[in-house]
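Asker: As input, take model.txt (compact mmCIF, C-alpha atoms):
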# COMPACT_ATOMS: atom_id res chain seq x y z
CA MET A 353 53.65 70.12 33.45
CA GLY A 354 57.09 68.55 34.00
CA THR A 355 58.89 71.71 32.83
CA LEU A 356 56.82 73.85 35.20
CA ILE A 357 57.61 71.58 38.15
CA LEU A 358 61.32 71.49 37.27
CA ARG A 359 61.47 75.27 36.81
CA VAL A 360 59.72 76.04 40.10
CA VAL A 361 61.66 73.48 42.16
CA VAL A 362 65.08 74.44 40.76
CA GLY A 363 64.23 78.15 40.98
CA LEU A 364 63.13 77.87 44.61
CA LEU A 365 66.24 75.89 45.53
CA PHE A 366 68.40 78.62 44.04
CA ILE A 367 66.40 81.29 45.89
CA GLY A 368 67.01 79.40 49.14
CA HIS A 369 70.69 78.99 48.34
CA GLY A 370 71.00 82.74 47.66
CA LEU A 371 69.11 83.69 50.83
CA GLN A 372 71.48 81.51 52.86
CA LYS A 373 74.28 83.75 51.62
CA LEU A 374 72.47 87.09 51.82
CA ALA A 375 70.30 86.76 54.90
CA GLY A 376 71.40 83.69 56.81
CA LEU A 377 68.07 81.96 56.16
CA PHE A 378 67.64 78.18 55.91
CA GLY A 379 70.73 77.47 57.99
CA GLY A 380 73.03 79.76 56.02
CA GLY A 381 75.74 81.96 57.47
CA GLY A 382 74.53 85.26 56.01
CA LEU A 383 76.72 87.88 54.41
CA GLU A 384 79.37 87.91 57.12
CA GLN A 385 80.06 84.19 56.78
CA THR A 386 79.75 84.32 53.00
CA GLU A 387 82.35 87.10 52.87
CA LYS A 388 84.72 85.01 55.02
CA THR A 389 84.17 82.04 52.72
CA MET A 390 84.83 84.14 49.62
CA ASP A 391 88.00 85.50 51.22
CA ALA A 392 89.20 81.98 52.08
CA LEU A 393 88.50 80.87 48.49
CA GLY A 394 90.49 83.78 47.06
CA MET A 395 87.37 85.43 45.63
CA HIS A 396 88.19 89.13 46.04
CA PRO A 397 86.89 91.60 46.79
CA ALA A 398 85.10 89.24 49.15
CA ARG A 399 82.35 91.70 50.05
CA LEU A 400 81.39 92.24 46.40
CA GLN A 401 81.77 88.57 45.45
CA ALA A 402 79.54 87.46 48.37
CA ARG A 403 76.79 89.85 47.36
CA ALA A 404 77.11 89.04 43.66
CA ALA A 405 76.81 85.28 44.28
CA GLY A 406 73.88 85.70 46.67
CA LEU A 407 72.04 88.08 44.35
CA ALA A 408 72.69 85.94 41.27
CA GLU A 409 71.22 82.92 43.02
CA THR A 410 68.27 84.75 44.59
CA ALA A 411 67.26 86.89 41.61
CA GLY A 412 68.21 84.21 39.07
CA GLY A 413 66.25 81.61 41.01
CA ALA A 414 63.18 83.89 41.14
CA ALA A 415 63.43 84.60 37.41
CA LEU A 416 63.85 80.89 36.68
CA ALA A 417 60.88 79.92 38.86
CA LEU A 418 58.68 82.45 37.05
CA GLY A 419 60.19 81.75 33.65
CA VAL A 420 61.28 85.36 33.04
CA ALA A 421 64.15 85.92 30.55
CA THR A 422 65.03 82.33 31.27
CA PRO A 423 68.29 82.04 29.27
CA PHE A 424 69.72 85.06 31.11
CA ALA A 425 68.61 83.79 34.51
CA SER A 426 70.09 80.40 33.64
CA ALA A 427 73.41 82.00 32.62
CA GLY A 428 73.78 83.70 36.00
CA LEU A 429 72.94 80.51 37.86
CA ILE A 430 75.28 78.43 35.73
CA ALA A 431 78.06 80.94 36.49
CA THR A 432 77.62 80.43 40.24
CA MET A 433 77.59 76.65 39.86
CA ILE A 434 80.69 76.54 37.64
CA THR A 435 82.49 78.80 40.10
CA ALA A 436 81.49 76.55 42.99
CA ILE A 437 82.78 73.53 41.08
CA ARG A 438 86.09 75.20 40.26
CA LYS A 439 86.75 76.72 43.69
CA VAL A 440 85.28 74.07 46.03
CA HIS A 441 83.84 70.85 44.68
CA ALA A 442 86.02 69.59 41.79
CA ARG A 443 88.75 68.34 44.14
CA ASN A 444 86.17 66.18 45.95
CA GLY A 445 85.13 64.05 42.98
CA ILE A 446 81.60 63.45 41.74
CA TRP A 447 79.42 62.47 44.66
CA ASN A 448 77.69 65.02 46.85
CA SER A 449 78.25 62.84 49.93
CA ASN A 450 81.96 63.67 49.60
CA GLY A 451 81.37 67.34 48.78
CA GLY A 452 81.73 66.64 45.07
CA VAL A 453 80.20 68.17 41.94
CA GLU A 454 77.02 66.08 41.72
CA PHE A 455 74.57 68.79 42.90
CA ASN A 456 76.23 71.51 40.82
CA VAL A 457 76.23 69.44 37.63
CA VAL A 458 72.55 68.54 38.03
CA MET A 459 71.66 72.20 38.60
CA ILE A 460 73.68 73.24 35.52
CA ALA A 461 71.89 70.59 33.43
CA ALA A 462 68.48 71.75 34.69
CA ALA A 463 69.27 75.42 34.09
CA THR A 464 70.49 74.60 30.57
CA LEU A 465 67.31 72.68 29.75
CA LEU A 466 65.16 75.50 31.10
CA ALA A 467 67.13 78.12 29.14
CA GLU A 468 66.10 76.27 26.00
CA ARG A 469 62.51 75.59 26.97
CA PRO A 470 60.88 77.38 29.95
CA GLY A 471 57.46 76.05 28.95
CA LYS A 472 54.07 77.52 28.21
CA ALA A 473 53.23 78.12 31.89
CA SER A 474 55.87 80.84 32.24
CA VAL A 475 56.15 84.59 31.79
CA ASP A 476 58.32 83.89 28.73
CA GLY A 477 55.56 81.61 27.43
CA ALA A 478 52.98 84.36 27.87
CA PHE A 479 55.08 86.44 25.46
CA GLY A 480 55.46 83.66 22.89
CA ARG A 481 58.80 82.36 24.19
CA SER A 482 57.84 78.99 25.62
CA LYS A 483 60.78 77.65 23.64
CA TRP A 484 63.89 79.80 23.17
CA GLY A 485 65.82 77.10 21.30
CA THR A 486 69.15 75.32 21.45
CA GLY A 487 71.15 78.45 20.61
CA TRP A 488 69.92 80.08 23.81
CA ALA A 489 70.82 77.01 25.86
CA ILE A 490 74.34 77.20 24.42
CA PHE A 491 74.36 80.94 25.20
CA ALA A 492 73.48 80.18 28.85
CA ILE A 493 76.35 77.70 29.18
CA VAL A 494 78.91 79.93 27.45
CA ALA A 495 77.82 83.09 29.29
CA GLY A 496 77.81 81.17 32.58
CA ALA A 497 81.31 79.81 31.95
CA LEU A 498 82.53 83.29 31.01
CA GLY A 499 80.93 84.76 34.13
CA SER A 500 82.75 82.19 36.25
CA VAL A 501 86.08 82.96 34.57
CA LEU A 502 85.59 86.70 35.15
CA ALA A 503 84.66 86.22 38.82
CA ILE A 504 87.69 84.00 39.49
CA GLN A 505 90.05 86.31 37.58
CA ALA A 506 88.69 89.29 39.52
CA GLY A 507 89.43 87.33 42.70
CA LYS A 508 93.07 87.02 41.64
CA ARG A 509 93.37 90.58 40.41
CA PHE A 510 91.90 92.16 43.54
CA ALA A 511 93.57 89.84 46.05
CA PRO A 512 95.06 91.81 48.94
CA GLN A 513 98.84 91.90 48.99
CA THR A 514 100.54 89.88 51.68
CA PRO A 515 103.87 90.71 53.33
CA ALA A 516 105.41 87.89 51.25
CA ASP A 517 104.12 89.61 48.08
CA ASP A 518 105.67 92.89 49.26
CA GLU A 519 109.01 91.16 49.96
CA ALA A 520 108.95 89.50 46.54
CA ALA A 521 108.23 92.86 44.88
CA VAL A 522 111.14 94.50 46.75
CA GLU A 523 113.45 91.63 45.77
CA ALA A 524 112.34 91.89 42.14
CA ASP A 525 112.91 95.66 42.14
CA SER A 526 116.37 95.16 43.67
CA ALA A 527 117.25 92.56 41.06
CA VAL A 528 116.13 94.89 38.26
CA GLU A 529 118.14 97.77 39.72
CA GLU A 530 121.19 95.53 40.15
CA THR A 531 120.90 94.28 36.56
CA ALA A 532 120.50 97.82 35.26
CA SER A 533 123.51 98.95 37.31
CA THR A 534 125.63 96.05 36.04
CA GLU A 535 124.58 96.73 32.44
CA SER A 536 125.32 100.43 32.86
CA SER A 537 128.76 99.61 34.31
CA ALA A 538 129.51 97.18 31.49
CA SER A 539 128.40 99.76 28.94
CA SER A 540 130.65 102.43 30.52
CA ASP A 541 133.59 99.98 30.53
CA ALA A 542 132.95 99.15 26.88
CA ASP A 543 132.80 102.84 25.99
CA SER A 544 136.10 103.46 27.84
CA ASP A 545 137.76 100.54 26.06
CA ALA A 546 136.49 101.79 22.69
CA GLY A 547 137.75 105.35 23.37
Can you dump the structure from the file as structure tokens?

Answerer:
Amino acid sequence: MGTLILRVVVGLLFIGHGLQKLAGLFGGGGLEQTEKTMDALGMHPARLQARAAGLAETAGGAALALGVATPFASAGLIATMITAIRKVHARNGIWNSNGGVEFNVVMIAAATLLAERPGKASVDGAFGRSKWGTGWAIFAIVAGALGSVLAIQAGKRFAPQTPADDEAAVEADSAVEETASTESSASSDADSDAG
């Protein structure tokens, strides 16, 4: 009974969290605000990242609440929590009252437990998977961590160029051209001296 309660409560909280991002429900800012937040956090392309985070939380939360493919649902949810820790909460310490990692860590722990054991009163349980096992819990953590790394790296890779970036690129090109010109000159001088 405890696993069922945990699964439904955590799943519903994730659904709510996702719907805040996607639809502005439960006091959330909706997609427009989520896109602005993603942009400010360097998560590019912001439009795609906002939708991906909202869908991962909404669909992952629904799958978790029902106990459907629980390790995979858990992996997606863990990815969003690790990303939130890395981009927002880690700098604020542990406690939620200071905007820290407390909530995220508890949700990761719950999702990991449920990846291992969704319980008999679940869709997985109806198909003989009331217990996936420790290997699947480890899979959920590793896949979630990898998902977070990929999302953050995509944010860096697809970041829009700023005028400062353009200036730096022009300066770098000029320096390369100048070095090549100097080397070419030195090579010509050396060839003249040798001849």

Asker: In Å, with one decimal, what is the gap from CA of Ser500 (chain A) to CA of Asn450 (chain A)?

Answerer: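 It comes out at 22.8 Å.
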
Asker: What is the CA of Arg438 (chain A)-CA of Val453 (chain A) distance in Å, reported with one decimal?

Answerer: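 Calculated distance between CA of Arg438 (chain A) and CA of Val453 (chain A) is 9.3 Å.
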
Asker: Please, what distance in Å, to one decimal, runs between CA of Leu407 (chain A) and CA of Leu374 (chain A)?

Answerer: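 The value is 7.5 Å.
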
Asker: Dump as a tab-separated table the rows for residues of region 431-480 of chain A within 10 Å of region 378-399 of chain A: closest atom pair and distance in Å with one decimal, all atoms listed in the file counted, ordered by chain and rising residue number.

Answerer:
residue	atom	partner	partner_atom	distance
A:Thr435	CA	A:Met395	CA	9.9
A:Ala436	CA	A:Leu393	CA	9.9
A:Lys439	CA	A:Leu393	CA	6.6
A:Val440	CA	A:Leu393	CA	7.9

Asker: Extract, using all atoms listed in the file, all DNA, RNA and protein residues at most 10 Å from region 477-486 of chain A, discarding same-chain residues fewer than 5 positions from it, and format them as a ChimeraX atom specification.

Answerer: /A:419-423,464-472,491-492

Asker: Write out as a list in words the residues lying within 10 Å of Gly406 (chain A), counting only C-alpha atoms and excluding same-chain residues fewer than 6 positions away.

Answerer: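 After dropping sequence-adjacent residues, the list is Phe366, Ile367, Gly368, His369, Gly370, Leu371, Gln372, Lys373, Leu374, Ala375, Gly382, Leu383, Thr386, Leu400, Gly412 and Thr432 of chain A.
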
Asker: Store the residues picked out above, limited to C-alpha atoms, as a short mmCIF file (atom, residue, chain, number, x, y, z; two decimals), in the frame of the given file.

Answerer:
data_model
loop_
_atom_site.label_atom_id
_atom_site.label_comp_id
_atom_site.auth_asym_id
_atom_site.auth_seq_id
_atom_site.Cartn_x
_atom_site.Cartn_y
_atom_site.Cartn_z
CA PHE A 366 68.40 78.62 44.04
CA ILE A 367 66.40 81.29 45.89
CA GLY A 368 67.01 79.40 49.14
CA HIS A 369 70.69 78.99 48.34
CA GLY A 370 71.00 82.74 47.66
CA LEU A 371 69.11 83.69 50.83
CA GLN A 372 71.48 81.51 52.86
CA LYS A 373 74.28 83.75 51.62
CA LEU A 374 72.47 87.09 51.82
CA ALA A 375 70.30 86.76 54.90
CA GLY A 382 74.53 85.26 56.01
CA LEU A 383 76.72 87.88 54.41
CA THR A 386 79.75 84.32 53.00
CA LEU A 400 81.39 92.24 46.40
CA GLY A 412 68.21 84.21 39.07
CA THR A 432 77.62 80.43 40.24
#

Asker: Which polymer residues, protein or nucleic acid, are no farther than 12 Å from (76.1, 68.8, 45.5), counting only C-alpha atoms, as number ranges by chain?

Answerer: A: 369, 433-434, 436-437, 440-442, 444-460

Asker: Nearest to Val501 (chain A): which of A:Ile430, A:Ala473, A:Ala408, A:Ala425 is it, counting all atoms listed in the file?

Answerer: A:Ile430

Asker: Ranking A:Pro512, A:Gly413, A:Gly428, A:Gly507 by minimum distance to Val362 (chain A) and counting only C-alpha atoms, which one comes first?

Answerer: A:Gly413
